[in-house]
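Student: Coordinates in query-v6.pdb, PDB, C-alpha atoms and all ligand atoms, are listed below.
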```
ATOM      1  CA  MET A   1      -0.164 -18.868  19.694
ATOM      2  CA  TYR A   2       2.824 -20.539  18.055
ATOM      3  CA  ASN A   3       5.794 -18.510  19.367
ATOM      4  CA  LEU A   4       6.572 -17.708  15.738
ATOM      5  CA  LEU A   5       8.441 -14.520  16.654
ATOM      6  CA  LYS A   6      10.180 -15.658  19.826
ATOM      7  CA  GLY A   7      13.431 -13.718  20.233
ATOM      8  CA  LYS A   8      12.626 -11.317  17.380
ATOM      9  CA  LYS A   9      12.651  -7.531  17.697
ATOM     10  CA  GLY A  10      11.067  -4.950  15.463
ATOM     11  CA  ILE A  11       9.611  -1.517  14.787
ATOM     12  CA  ILE A  12       5.909  -1.071  14.075
ATOM     13  CA  PHE A  13       4.949   2.218  12.416
ATOM     14  CA  GLY A  14       1.395   3.553  12.163
ATOM     15  CA  ALA A  15      -0.699   2.448  15.163
ATOM     16  CA  LEU A  16      -3.153   5.340  15.498
ATOM     17  CA  ASP A  17      -6.069   3.703  17.288
ATOM     18  CA  GLU A  18      -7.372   0.213  17.955
ATOM     19  CA  LYS A  19      -8.760  -0.088  14.408
ATOM     20  CA  SER A  20      -5.339   0.522  12.824
ATOM     21  CA  ILE A  21      -3.856  -2.475  11.045
ATOM     22  CA  ALA A  22      -0.555  -1.621  12.798
ATOM     23  CA  TRP A  23      -2.218  -1.678  16.229
ATOM     24  CA  ILE A  24      -3.619  -5.160  15.702
ATOM     25  CA  THR A  25      -0.345  -6.359  14.179
ATOM     26  CA  ALA A  26       1.573  -5.080  17.219
ATOM     27  CA  LEU A  27      -0.717  -7.096  19.516
ATOM     28  CA  LYS A  28      -0.284 -10.236  17.384
ATOM     29  CA  CYS A  29       3.512  -9.856  17.173
ATOM     30  CA  HIS A  30       3.638  -9.449  20.948
ATOM     31  CA  GLU A  31       1.487 -12.576  21.416
ATOM     32  CA  GLU A  32       3.920 -14.460  19.199
ATOM     33  CA  GLY A  33       6.863 -13.498  21.403
ATOM     34  CA  ALA A  34       8.316 -10.406  19.692
ATOM     35  CA  GLU A  35       9.743  -7.313  21.390
ATOM     36  CA  ILE A  36       8.505  -4.110  19.784
ATOM     37  CA  VAL A  37       9.264  -0.416  19.431
ATOM     38  CA  LEU A  38       6.195   1.600  18.401
ATOM     39  CA  SER A  39       6.457   4.711  16.274
ATOM     40  CA  ASN A  40       4.081   7.271  14.821
ATOM     41  CA  ALA A  41       4.058  10.899  13.711
ATOM     42  CA  PRO A  42       4.221  13.392  16.605
ATOM     43  CA  VAL A  43       0.783  14.739  15.683
ATOM     44  CA  ALA A  44      -0.762  11.252  15.877
ATOM     45  CA  MET A  45       0.947  10.628  19.213
ATOM     46  CA  ARG A  46      -0.595  13.726  20.721
ATOM     47  CA  MET A  47      -3.975  12.003  20.381
ATOM     48  CA  GLY A  48      -2.646   9.677  23.063
ATOM     49  CA  ALA A  49      -4.176   6.309  22.169
ATOM     50  CA  ILE A  50      -0.817   4.774  21.244
ATOM     51  CA  ASN A  51       0.249   4.920  24.898
ATOM     52  CA  GLN A  52      -2.517   2.451  25.814
ATOM     53  CA  LEU A  53      -1.110   0.008  23.266
ATOM     54  CA  ALA A  54       2.430   0.651  24.497
ATOM     55  CA  GLU A  55       1.423  -0.257  28.041
ATOM     56  CA  LYS A  56      -0.315  -3.448  26.946
ATOM     57  CA  ILE A  57       2.688  -4.765  25.060
ATOM     58  CA  ASN A  58       5.354  -3.131  27.197
ATOM     59  CA  ALA A  59       6.874  -1.230  24.263
ATOM     60  CA  PRO A  60       8.551   2.177  24.125
ATOM     61  CA  VAL A  61       7.053   4.764  21.779
ATOM     62  CA  ILE A  62       9.400   6.897  19.693
ATOM     63  CA  ALA A  63       7.904   9.797  17.743
ATOM     64  CA  CYS A  64       8.923  10.026  14.096
ATOM     65  CA  ASP A  65       7.516  11.966  11.180
ATOM     66  CA  VAL A  66       8.747   9.714   8.377
ATOM     67  CA  SER A  67       9.169  12.674   6.037
ATOM     68  CA  SER A  68      11.915  14.050   8.318
ATOM     69  CA  ALA A  69      15.438  12.660   7.859
ATOM     70  CA  ASP A  70      16.368  13.718  11.407
ATOM     71  CA  ASP A  71      13.363  11.955  12.927
ATOM     72  CA  VAL A  72      14.061   8.719  11.068
ATOM     73  CA  GLU A  73      17.749   8.840  12.009
ATOM     74  CA  ASN A  74      16.845   9.423  15.666
ATOM     75  CA  LEU A  75      14.335   6.556  15.619
ATOM     76  CA  ILE A  76      16.770   4.027  14.173
ATOM     77  CA  VAL A  77      19.602   5.033  16.537
ATOM     78  CA  LYS A  78      17.314   4.983  19.614
ATOM     79  CA  THR A  79      15.782   1.648  18.593
ATOM     80  CA  LYS A  80      19.241   0.090  18.320
ATOM     81  CA  GLU A  81      20.097   1.471  21.748
ATOM     82  CA  HIS A  82      16.852   0.105  23.203
ATOM     83  CA  PHE A  83      17.380  -3.381  21.789
ATOM     84  CA  GLY A  84      21.126  -3.341  22.457
ATOM     85  CA  GLY A  85      21.886  -4.024  18.775
ATOM     86  CA  GLY A  86      20.173  -4.792  15.497
ATOM     87  CA  PHE A  87      16.565  -5.839  14.982
ATOM     88  CA  ASP A  88      14.587  -8.293  12.824
ATOM     89  CA  PHE A  89      11.445  -6.757  11.369
ATOM     90  CA  ILE A  90       9.703  -3.524  10.385
ATOM     91  CA  LEU A  91       6.033  -2.895   9.610
ATOM     92  CA  HIS A  92       5.507   0.217   7.453
ATOM     93  CA  SER A  93       1.793   0.941   7.905
ATOM     94  CA  ILE A  94       1.729   4.576   6.850
ATOM     95  CA  GLY A  95      -0.462   6.412   4.399
ATOM     96  CA  MET A  96      -1.461  10.018   3.931
ATOM     97  CA  SER A  97      -2.809  11.909   0.913
ATOM     98  CA  LEU A  98      -2.750  15.668   1.138
ATOM     99  CA  ASN A  99      -4.790  16.139  -2.033
ATOM    100  CA  VAL A 100      -7.515  13.783  -0.766
ATOM    101  CA  ARG A 101      -7.535  15.720   2.504
ATOM    102  CA  LYS A 102      -7.939  18.971   0.635
ATOM    103  CA  GLY A 103     -10.719  17.503  -1.524
ATOM    104  CA  LYS A 104      -8.772  17.877  -4.787
ATOM    105  CA  HIS A 105      -9.886  15.772  -7.734
ATOM    106  CA  TYR A 106      -7.186  13.557  -9.319
ATOM    107  CA  THR A 107      -7.213  15.654 -12.493
ATOM    108  CA  GLU A 108      -6.549  18.845 -10.551
ATOM    109  CA  ILE A 109      -4.040  17.871  -7.889
ATOM    110  CA  ASP A 110      -1.639  20.323  -6.312
ATOM    111  CA  TYR A 111       1.885  19.089  -7.095
ATOM    112  CA  VAL A 112       3.476  20.416  -3.919
ATOM    113  CA  HIS A 113       0.971  18.392  -1.907
ATOM    114  CA  ASN A 114       1.498  15.480  -4.271
ATOM    115  CA  LEU A 115       5.227  15.431  -3.503
ATOM    116  CA  LYS A 116       4.485  15.407   0.228
ATOM    117  CA  THR A 117       2.056  12.521  -0.269
ATOM    118  CA  PHE A 118       4.774  10.519  -2.017
ATOM    119  CA  GLU A 119       7.333  11.493   0.612
ATOM    120  CA  ILE A 120       5.126  10.250   3.462
ATOM    121  CA  SER A 121       3.391   7.282   1.832
ATOM    122  CA  SER A 122       6.095   5.883  -0.470
ATOM    123  CA  MET A 123       9.619   7.286  -0.252
ATOM    124  CA  SER A 124       9.489   7.001   3.534
ATOM    125  CA  LEU A 125      10.022   3.261   3.025
ATOM    126  CA  HIS A 126      13.227   4.101   1.145
ATOM    127  CA  ARG A 127      14.300   6.572   3.834
ATOM    128  CA  VAL A 128      13.738   4.050   6.629
ATOM    129  CA  LEU A 129      15.607   1.303   4.769
ATOM    130  CA  ALA A 130      18.489   3.571   3.750
ATOM    131  CA  THR A 131      18.855   4.748   7.350
ATOM    132  CA  CYS A 132      18.807   1.150   8.602
ATOM    133  CA  MET A 133      21.467   0.238   6.049
ATOM    134  CA  LYS A 134      23.643   3.189   7.052
ATOM    135  CA  HIS A 135      23.513   2.127  10.726
ATOM    136  CA  ASP A 136      23.593  -1.593   9.960
ATOM    137  CA  ALA A 137      20.411  -1.794  12.024
ATOM    138  CA  LEU A 138      18.726  -4.832  10.446
ATOM    139  CA  ASN A 139      19.910  -8.326  11.309
ATOM    140  CA  GLU A 140      20.596 -11.066   8.729
ATOM    141  CA  TRP A 141      17.263 -12.384   7.303
ATOM    142  CA  ALA A 142      15.299  -9.473   8.746
ATOM    143  CA  SER A 143      11.857  -8.965   7.181
ATOM    144  CA  VAL A 144      10.240  -5.670   6.169
ATOM    145  CA  VAL A 145       6.554  -5.380   5.209
ATOM    146  CA  ALA A 146       4.775  -2.298   3.849
ATOM    147  CA  LEU A 147       1.010  -2.147   3.330
ATOM    148  CA  SER A 148      -0.363  -1.441  -0.137
ATOM    149  CA  TYR A 149      -3.612  -1.502  -2.109
ATOM    150  CA  ILE A 150      -4.626  -2.913  -5.526
ATOM    151  CA  ALA A 151      -5.200   0.620  -6.877
ATOM    152  CA  ALA A 152      -1.444   0.372  -7.597
ATOM    153  CA  GLN A 153      -2.327  -2.001 -10.485
ATOM    154  CA  ARG A 154      -5.918  -1.144 -11.433
ATOM    155  CA  VAL A 155      -7.983   2.014 -11.527
ATOM    156  CA  PHE A 156     -10.203   2.812  -8.561
ATOM    157  CA  PRO A 157     -11.055   6.422  -9.485
ATOM    158  CA  ASP A 158     -11.626   7.806  -5.998
ATOM    159  CA  TYR A 159      -8.365   6.400  -4.643
ATOM    160  CA  ASN A 160      -6.876   9.501  -6.279
ATOM    161  CA  GLU A 161      -3.108  10.144  -5.981
ATOM    162  CA  MET A 162      -2.752   7.310  -3.453
ATOM    163  CA  ALA A 163      -2.881   4.912  -6.427
ATOM    164  CA  ASP A 164       0.346   6.447  -7.713
ATOM    165  CA  ALA A 165       1.784   6.514  -4.194
ATOM    166  CA  LYS A 166       1.132   2.779  -3.769
ATOM    167  CA  SER A 167       2.727   1.986  -7.168
ATOM    168  CA  LEU A 168       5.822   3.854  -6.053
ATOM    169  CA  LEU A 169       5.796   2.114  -2.666
ATOM    170  CA  GLU A 170       5.665  -1.330  -4.324
ATOM    171  CA  SER A 171       8.495  -0.333  -6.651
ATOM    172  CA  VAL A 172      10.681   0.804  -3.735
ATOM    173  CA  ALA A 173      10.038  -2.529  -1.991
ATOM    174  CA  ARG A 174      11.250  -4.396  -5.092
ATOM    175  CA  SER A 175      14.256  -2.187  -5.780
ATOM    176  CA  PHE A 176      15.492  -1.962  -2.192
ATOM    177  CA  GLY A 177      14.646  -5.634  -1.746
ATOM    178  CA  TYR A 178      17.295  -6.431  -4.326
ATOM    179  CA  HIS A 179      20.034  -4.349  -2.695
ATOM    180  CA  TYR A 180      19.316  -5.322   0.923
ATOM    181  CA  GLY A 181      18.872  -8.957  -0.112
ATOM    182  CA  VAL A 182      22.308  -9.098  -1.704
ATOM    183  CA  LYS A 183      23.904  -7.190   1.154
ATOM    184  CA  LYS A 184      22.358  -8.893   4.168
ATOM    185  CA  HIS A 185      19.587 -11.323   3.180
ATOM    186  CA  VAL A 186      17.043  -8.743   4.313
ATOM    187  CA  ARG A 187      13.703  -9.347   2.632
ATOM    188  CA  ILE A 188      11.211  -6.663   1.693
ATOM    189  CA  ASN A 189       7.611  -7.200   0.580
ATOM    190  CA  THR A 190       4.364  -5.292   0.240
ATOM    191  CA  VAL A 191       1.037  -6.750   1.354
ATOM    192  CA  SER A 192      -1.896  -5.569  -0.756
ATOM    193  CA  GLN A 193      -4.793  -5.592   1.674
ATOM    194  CA  SER A 194      -8.601  -5.597   1.180
ATOM    195  CA  PRO A 195     -10.394  -2.353   2.006
ATOM    196  CA  THR A 196     -10.579  -2.152   5.791
ATOM    197  CA  ARG A 197     -12.537   0.159   8.117
ATOM    198  CA  THR A 198      -9.797   2.324   9.647
ATOM    199  CA  THR A 199      -9.130   6.065   9.806
ATOM    200  CA  ALA A 200      -7.027   6.003   6.613
ATOM    201  CA  GLY A 201      -9.452   3.633   4.830
ATOM    202  CA  SER A 202     -12.522   5.703   5.605
ATOM    203  CA  GLY A 203     -10.819   8.753   4.035
ATOM    204  CA  VAL A 204     -11.474   7.253   0.573
ATOM    205  CA  LYS A 205     -14.554   8.842  -1.048
ATOM    206  CA  GLY A 206     -17.549   6.499  -1.179
ATOM    207  CA  PHE A 207     -15.825   4.028   1.157
ATOM    208  CA  ASP A 208     -19.041   2.223   2.209
ATOM    209  CA  GLY A 209     -19.951   1.309  -1.373
ATOM    210  CA  PHE A 210     -16.330   0.483  -2.071
ATOM    211  CA  ILE A 211     -15.970  -1.967   0.812
ATOM    212  CA  SER A 212     -19.254  -3.778   0.120
ATOM    213  CA  TYR A 213     -18.391  -4.081  -3.575
ATOM    214  CA  ALA A 214     -15.033  -5.662  -2.645
ATOM    215  CA  GLU A 215     -16.794  -7.972  -0.214
ATOM    216  CA  LYS A 216     -19.118  -9.201  -2.989
ATOM    217  CA  MET A 217     -16.214  -9.507  -5.457
ATOM    218  CA  SER A 218     -14.043 -11.671  -3.194
ATOM    219  CA  PRO A 219     -14.747 -15.410  -3.034
ATOM    220  CA  LEU A 220     -13.583 -15.459   0.600
ATOM    221  CA  GLY A 221     -14.963 -12.003   1.442
ATOM    222  CA  ASN A 222     -12.788  -9.073   2.495
ATOM    223  CA  ALA A 223      -9.730  -9.807   4.625
ATOM    224  CA  SER A 224     -10.074  -8.111   8.022
ATOM    225  CA  ALA A 225      -7.391  -6.104   9.828
ATOM    226  CA  GLU A 226      -6.884  -9.104  12.115
ATOM    227  CA  ASP A 227      -6.355 -11.419   9.124
ATOM    228  CA  CYS A 228      -3.814  -8.913   7.790
ATOM    229  CA  ALA A 229      -2.018  -8.833  11.141
ATOM    230  CA  ASN A 230      -1.788 -12.643  11.148
ATOM    231  CA  TYR A 231      -0.364 -12.603   7.619
ATOM    232  CA  CYS A 232       2.249 -10.023   8.647
ATOM    233  CA  VAL A 233       3.272 -12.269  11.556
ATOM    234  CA  THR A 234       3.959 -15.116   9.113
ATOM    235  CA  LEU A 235       6.008 -12.762   6.935
ATOM    236  CA  PHE A 236       8.117 -11.668   9.910
ATOM    237  CA  SER A 237       8.677 -15.302  10.878
ATOM    238  CA  ASP A 238      11.427 -17.589   9.556
ATOM    239  CA  LEU A 239       8.789 -19.775   7.874
ATOM    240  CA  THR A 240       8.694 -17.387   4.900
ATOM    241  CA  LYS A 241      12.383 -16.595   4.709
ATOM    242  CA  MET A 242      12.778 -16.993   0.943
ATOM    243  CA  VAL A 243       9.940 -14.585   0.082
ATOM    244  CA  THR A 244      11.189 -11.184  -1.011
ATOM    245  CA  MET A 245      10.549  -8.341  -3.510
ATOM    246  CA  GLN A 246       6.902  -9.406  -3.868
ATOM    247  CA  ASN A 247       3.590  -7.635  -3.792
ATOM    248  CA  LEU A 248       1.448 -10.183  -1.949
ATOM    249  CA  PHE A 249      -2.305  -9.912  -2.385
ATOM    250  CA  HIS A 250      -4.162 -10.440   0.864
ATOM    251  CA  ASP A 251      -7.692  -9.868  -0.357
ATOM    252  CA  GLY A 252      -9.849 -13.005  -0.197
ATOM    253  CA  GLY A 253      -9.265 -13.629  -3.921
ATOM    254  CA  PHE A 254     -10.454 -10.199  -5.169
ATOM    255  CA  SER A 255      -7.394  -9.588  -7.373
ATOM    256  CA  ASN A 256      -7.967 -12.715  -9.473
ATOM    257  CA  THR A 257     -11.750 -12.471  -9.787
ATOM    258  CA  GLY A 258     -13.489 -11.134 -12.904
ATOM    259  CA  VAL A 259     -17.007 -11.257 -11.526
ATOM    260  CA  THR A 260     -18.925 -13.197  -8.888
ATOM    261  CA  GLY A 261     -22.426 -14.632  -8.659
ATOM    262  CA  ALA A 262     -23.198 -12.097  -5.933
ATOM    263  CA  VAL A 263     -22.322  -9.157  -8.208
ATOM    264  CA  ILE A 264     -24.308 -10.602 -11.146
ATOM    265  CA  ASP A 265     -27.330 -11.066  -8.858
ATOM    266  CA  GLN A 266     -27.005  -7.441  -7.760
ATOM    267  CA  MET A 267     -26.862  -6.220 -11.386
ATOM    268  CA  GLU A 268     -29.999  -8.164 -12.301
ATOM    269  CA  LYS A 269     -32.022  -6.547  -9.522
TER     270      LYS A 269
HETATM  271  P1  LIG A 301      -4.567   4.283   9.993
HETATM  272  O1  LIG A 301      -5.118   5.644   9.712
HETATM  273  O2  LIG A 301      -4.903   3.660  11.277
HETATM  274  O3  LIG A 301      -2.969   4.292   9.807
HETATM  275  C1  LIG A 301      -2.265   5.204   8.993
HETATM  276  C2  LIG A 301      -1.084   5.696   9.809
HETATM  277  O4  LIG A 301      -0.181   6.516   9.062
HETATM  278  C3  LIG A 301      -1.534   6.525  11.036
HETATM  279  O5  LIG A 301      -1.096   5.913  12.224
HETATM  280  C4  LIG A 301      -0.836   7.853  10.790
HETATM  281  O6  LIG A 301      -0.528   8.543  11.991
HETATM  282  C5  LIG A 301       0.391   7.408  10.011
HETATM  283  N1  LIG A 301       1.070   8.544   9.387
HETATM  284  C6  LIG A 301       0.531   9.484   8.561
HETATM  285  N2  LIG A 301       1.452  10.420   8.275
HETATM  286  C7  LIG A 301       2.616  10.044   8.888
HETATM  287  C8  LIG A 301       3.926  10.603   8.960
HETATM  288  N3  LIG A 301       4.245  11.741   8.319
HETATM  289  N4  LIG A 301       4.868   9.948   9.700
HETATM  290  C9  LIG A 301       4.568   8.806  10.353
HETATM  291  N5  LIG A 301       3.341   8.227  10.314
HETATM  292  C10 LIG A 301       2.376   8.843   9.599
HETATM  293  O7  LIG A 301      -5.108   3.385   8.786
HETATM  294  P2  LIG A 301      -4.724   1.907   8.252
HETATM  295  O8  LIG A 301      -5.822   1.541   7.334
HETATM  296  O9  LIG A 301      -4.377   1.022   9.378
HETATM  297  O10 LIG A 301      -3.470   2.212   7.323
HETATM  298  C11 LIG A 301      -2.262   1.510   7.385
HETATM  299  C12 LIG A 301      -1.716   1.228   6.006
HETATM  300  O11 LIG A 301      -2.558   0.270   5.354
HETATM  301  C13 LIG A 301      -1.633   2.442   5.093
HETATM  302  O12 LIG A 301      -0.449   2.354   4.310
HETATM  303  C14 LIG A 301      -2.842   2.240   4.190
HETATM  304  O13 LIG A 301      -2.721   2.901   2.947
HETATM  305  C15 LIG A 301      -2.799   0.719   4.042
HETATM  306  N6  LIG A 301      -4.015   0.107   3.520
HETATM  307  C16 LIG A 301      -5.221   0.392   4.116
HETATM  308  C17 LIG A 301      -6.376  -0.138   3.597
HETATM  309  C18 LIG A 301      -7.701   0.244   4.181
HETATM  310  O14 LIG A 301      -8.731   0.090   3.485
HETATM  311  N7  LIG A 301      -7.757   0.698   5.423
HETATM  312  C19 LIG A 301      -6.369  -1.053   2.417
HETATM  313  C20 LIG A 301      -5.039  -1.324   1.914
HETATM  314  C21 LIG A 301      -3.916  -0.750   2.450
END
```
Can you present the structure in this file as structure tokens?

Tutor:
Amino acid sequence: MYNLLKGKKGIIFGALDEKSIAWITALKCHEEGAEIVLSNAPVAMRMGAINQLAEKINAPVIACDVSSADDVENLIVKTKEHFGGGFDFILHSIGMSLNVRKGKHYTEIDYVHNLKTFEISSMSLHRVLATCMKHDALNEWASVVALSYIAAQRVFPDYNEMADAKSLLESVARSFGYHYGVKKHVRINTVSQSPTRTTAGSGVKGFDGFISYAEKMSPLGNASAEDCANYCVTLFSDLTKMVTMQNLFHDGGFSNTGVTGAVIDQMEK
């Protein structure tokens, strides 16, 4: 422990269970001295696990469906009240694809569901940031991180509409990063994480093959949820204060690898 986040306060969205990247990040941020407000969709909160995390890190839990303007408004106002003022970081660790849930192929998606997917997985980042700006909720040099995946840049056929959702998410991070940077030195980045065994991750068709392929294609192997949490801690800390509007690959080298010896060996079998 380095006390990297001593005195910092933030919101962590998306801790569903102990495998969630957000769950592990909340534990790491707490270890590093941060005070946290946890948030998740009401339906996820009814499953109850988040309360165990809340107890461990002594954090309040505020329900918020990020596709509801009223919920987001309520969350930001209540968080300010709880902290007695502005706060310093946000983790957006939220993803949901309605068409994947309904088993729709990419070429046959339902557009009403598609809009909802974008609203929850991408434009929610905009909504949260716009609401923070309206209430002047983020402190100078605050840091916002949203989690993404390389299907935003390259085709992974079974990632379906989430590929488009992640492209939009990364674009919102860049665009809002400009405006909030100029206004208040707030920095906004996306972290593009290796495939990870979580509830959202396992929803991708053929996930087992997918994760072992990525493992073989990454010189360092796949980055774990814990590695991702550690990286997020550094991004919330003042040690990275000039990093903004970036999509940061956190993938053991996968994104810059054409092929590996391990994959060639497999093909020759
Ligand atoms: P997870 O299933 O534990 O977390 C997803 C969270 O999104 C859940 O807590 C869920 O309740 C929340 N959520 C869904 N709809 C919501 C709504 N309307 N309002 C508020 N919250 C809502 O899975 P994981 O893997 O920890 O996912 C976190 C983020 O990491 C997601 O953005 C995901 O796309 C991203 N990611 C995951 C990878 C993986 O392989 N697991 C790889 C790269 C990125």

Student: Of the candidates A:Gly95, A:Gly258, A:Gly86, A:Pro219, which shows the shortest atom-to-atom distance to A:Ala15, using only C-alpha atoms?

Tutor: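 That would be A:Gly95, the residue with the smallest distance to A:Ala15.
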
Student: Nearest residue to ligand LIG 301 (chain A) out of A:Ser255, A:Thr25, A:Asn3, A:Ser148, using only C-alpha atoms and all ligand atoms?

Tutor: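 For ligand LIG 301 (chain A), the nearest of the candidates is A:Ser148.
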
Student: Using only C-alpha atoms and all ligand atoms for the distances, tell me which of A:Thr107, A:Ser67, A:Thr79, A:Ser143 is nearest to ligand LIG 301 (chain A).

Tutor: A:Ser67

Student: Give me, as CSV, the closest atom pair and its distance (Å, one decimal) for every residue of chain A within a cut-off of 6 Å of ligand LIG 301 (chain A), counting only C-alpha atoms and all ligand atoms, rows sorted by chain and rising number.

Tutor:
```
residue,atom,partner,partner_atom,distance
A:Gly14,CA,A:LIG301,O5,3.4
A:Ala15,CA,A:LIG301,O5,4.6
A:Leu16,CA,A:LIG301,O5,3.9
A:Ser20,CA,A:LIG301,O2,3.5
A:Ile21,CA,A:LIG301,O9,3.9
A:Ala22,CA,A:LIG301,O9,5.8
A:Asn40,CA,A:LIG301,N5,4.7
A:Ala41,CA,A:LIG301,C9,4.0
A:Ala44,CA,A:LIG301,O6,4.7
A:Cys64,CA,A:LIG301,C9,5.9
A:Asp65,CA,A:LIG301,N4,3.6
A:Val66,CA,A:LIG301,N4,4.1
A:Ser67,CA,A:LIG301,N3,5.5
A:Ser93,CA,A:LIG301,C12,4.0
A:Ile94,CA,A:LIG301,O4,3.5
A:Gly95,CA,A:LIG301,O12,4.1
A:Met96,CA,A:LIG301,C6,5.1
A:Ile120,CA,A:LIG301,N3,5.2
A:Leu147,CA,A:LIG301,O11,4.8
A:Ser148,CA,A:LIG301,C21,4.4
A:Tyr149,CA,A:LIG301,C20,4.3
A:Ser192,CA,A:LIG301,C20,5.9
A:Gln193,CA,A:LIG301,C20,4.3
A:Ser194,CA,A:LIG301,C19,5.2
A:Pro195,CA,A:LIG301,O14,3.3
A:Thr196,CA,A:LIG301,O14,3.7
A:Arg197,CA,A:LIG301,N7,5.5
A:Thr198,CA,A:LIG301,O8,4.7
A:Thr199,CA,A:LIG301,O1,4.0
A:Ala200,CA,A:LIG301,O1,3.7
A:Gly201,CA,A:LIG301,N7,3.4
```

Student: Using the chain letters and residue numbers of this document, give as JSON, numbers by chain the residues selected by the PyMOL selection byres (((chain A and resi 168) around 12) and not hetatm).

Tutor: {"A": [115, 117, 118, 119, 120, 121, 122, 123, 124, 125, 126, 146, 148, 149, 151, 152, 153, 161, 162, 163, 164, 165, 166, 167, 169, 170, 171, 172, 173, 174, 175, 176, 190, 247]}

Student: Carefully work through the PyMOL selection byres (((chain A and resi 205) around 10) and not hetatm) for this structure and note down the residues it includes, as an NGL selection string.

Tutor: :A and (100 or 103 or 157-160 or 201-204 or 206-210)

Student: Check what the PyMOL selection byres (((chain A and resi 29-32) around 7) and not hetatm) selects in the file above and give those residues as a PDB file with C-alpha atoms, keeping the file's coordinate frame.

Tutor:
```pdb
ATOM      1  CA  MET A   1      -0.164 -18.868  19.694  1.00  0.00           C
ATOM      2  CA  TYR A   2       2.824 -20.539  18.055  1.00  0.00           C
ATOM      3  CA  ASN A   3       5.794 -18.510  19.367  1.00  0.00           C
ATOM      4  CA  LEU A   4       6.572 -17.708  15.738  1.00  0.00           C
ATOM      5  CA  LEU A   5       8.441 -14.520  16.654  1.00  0.00           C
ATOM      6  CA  LYS A   6      10.180 -15.658  19.826  1.00  0.00           C
ATOM      7  CA  THR A  25      -0.345  -6.359  14.179  1.00  0.00           C
ATOM      8  CA  ALA A  26       1.573  -5.080  17.219  1.00  0.00           C
ATOM      9  CA  LEU A  27      -0.717  -7.096  19.516  1.00  0.00           C
ATOM     10  CA  LYS A  28      -0.284 -10.236  17.384  1.00  0.00           C
ATOM     11  CA  GLY A  33       6.863 -13.498  21.403  1.00  0.00           C
ATOM     12  CA  ALA A  34       8.316 -10.406  19.692  1.00  0.00           C
ATOM     13  CA  GLU A  35       9.743  -7.313  21.390  1.00  0.00           C
ATOM     14  CA  ILE A  57       2.688  -4.765  25.060  1.00  0.00           C
ATOM     15  CA  VAL A 233       3.272 -12.269  11.556  1.00  0.00           C
TER      16      VAL A 233
END
```

Student: For A:Glu18, which of A:Gln52, A:Asp110, A:Tyr231, A:Val37 is the closest residue, counting all atoms listed in the file?

Tutor: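 So, comparing all the options, the nearest one is A:Gln52.
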
Student: Any idea what's packed within 7 Å of stretch 71-78 of chain A, counting all atoms listed in the file, ignoring anything in its chain fewer than 3 positions away? Could you give it as a list of chain:residue names?

Tutor: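 With the cut-off at 7 Å, the set is A:Ile62, A:Cys64, A:Asp65, A:Val66, A:Ser68, A:Glu81, A:His82, A:Val128, A:Thr131, A:Cys132.
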
Student: Would you mind telling me which residue in A:Ile36, A:Ile264, A:Ile188, A:Ala130 lies nearest to A:Ala142 when using only C-alpha atoms?

Tutor: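 The closest residue to A:Ala142 is A:Ile188.
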
Student: Please write as a ChimeraX atom specification the list of polymer residues whose atoms come within 7 Å of (-4.7, 16.4, -2.3), counting all atoms listed in the file and keeping to the coordinates of the file.

Tutor: /A:97-104,109-110,113-114

Student: To one decimal in Å, tell me the separation between atom CA of A:Phe83 and atom CA of A:Val186.

Tutor: 18.3 Å

Student: Using all atoms listed in the file, which of the listed residues (A:Asp17, A:His92, A:Tyr213, A:Ala69) sits closest to A:Gly48?

Tutor: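 When distances to A:Gly48 are compared using all atoms listed in the file, the smallest one comes from A:Asp17.
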
Student: In Å to one decimal, how far is atom CA of A:Ile90 from atom CA of A:Met45?

Tutor: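 Atom CA of A:Ile90 lies at a distance of 18.8 Å from atom CA of A:Met45.
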
Student: Suppose you want the space between atom CA of A:Met245 and atom CA of A:Gly177; what is it in Å?

Tutor: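 Between atom CA of A:Met245 and atom CA of A:Gly177 the gap is 5.2 Å.
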
Student: Please provide the set of residues having any atom within 9 Å of A:Val259, restricted to all atoms listed in the file, with same-chain residues fewer than 4 positions apart removed, written as a list in words.

Tutor: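 After dropping sequence-adjacent residues, the list is Met217, Ser218, Val263 and Ile264 of chain A.
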
Student: Excluding A:Asn222 and its own-chain neighbours fewer than 5 positions away, which residues fall within 6 Å of it when counting all atoms listed in the file? Please give them as a list in words.

Tutor: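 With the cut-off at 6 Å, the set is Ser194, Glu215, Asp251 and Gly252 of chain A.
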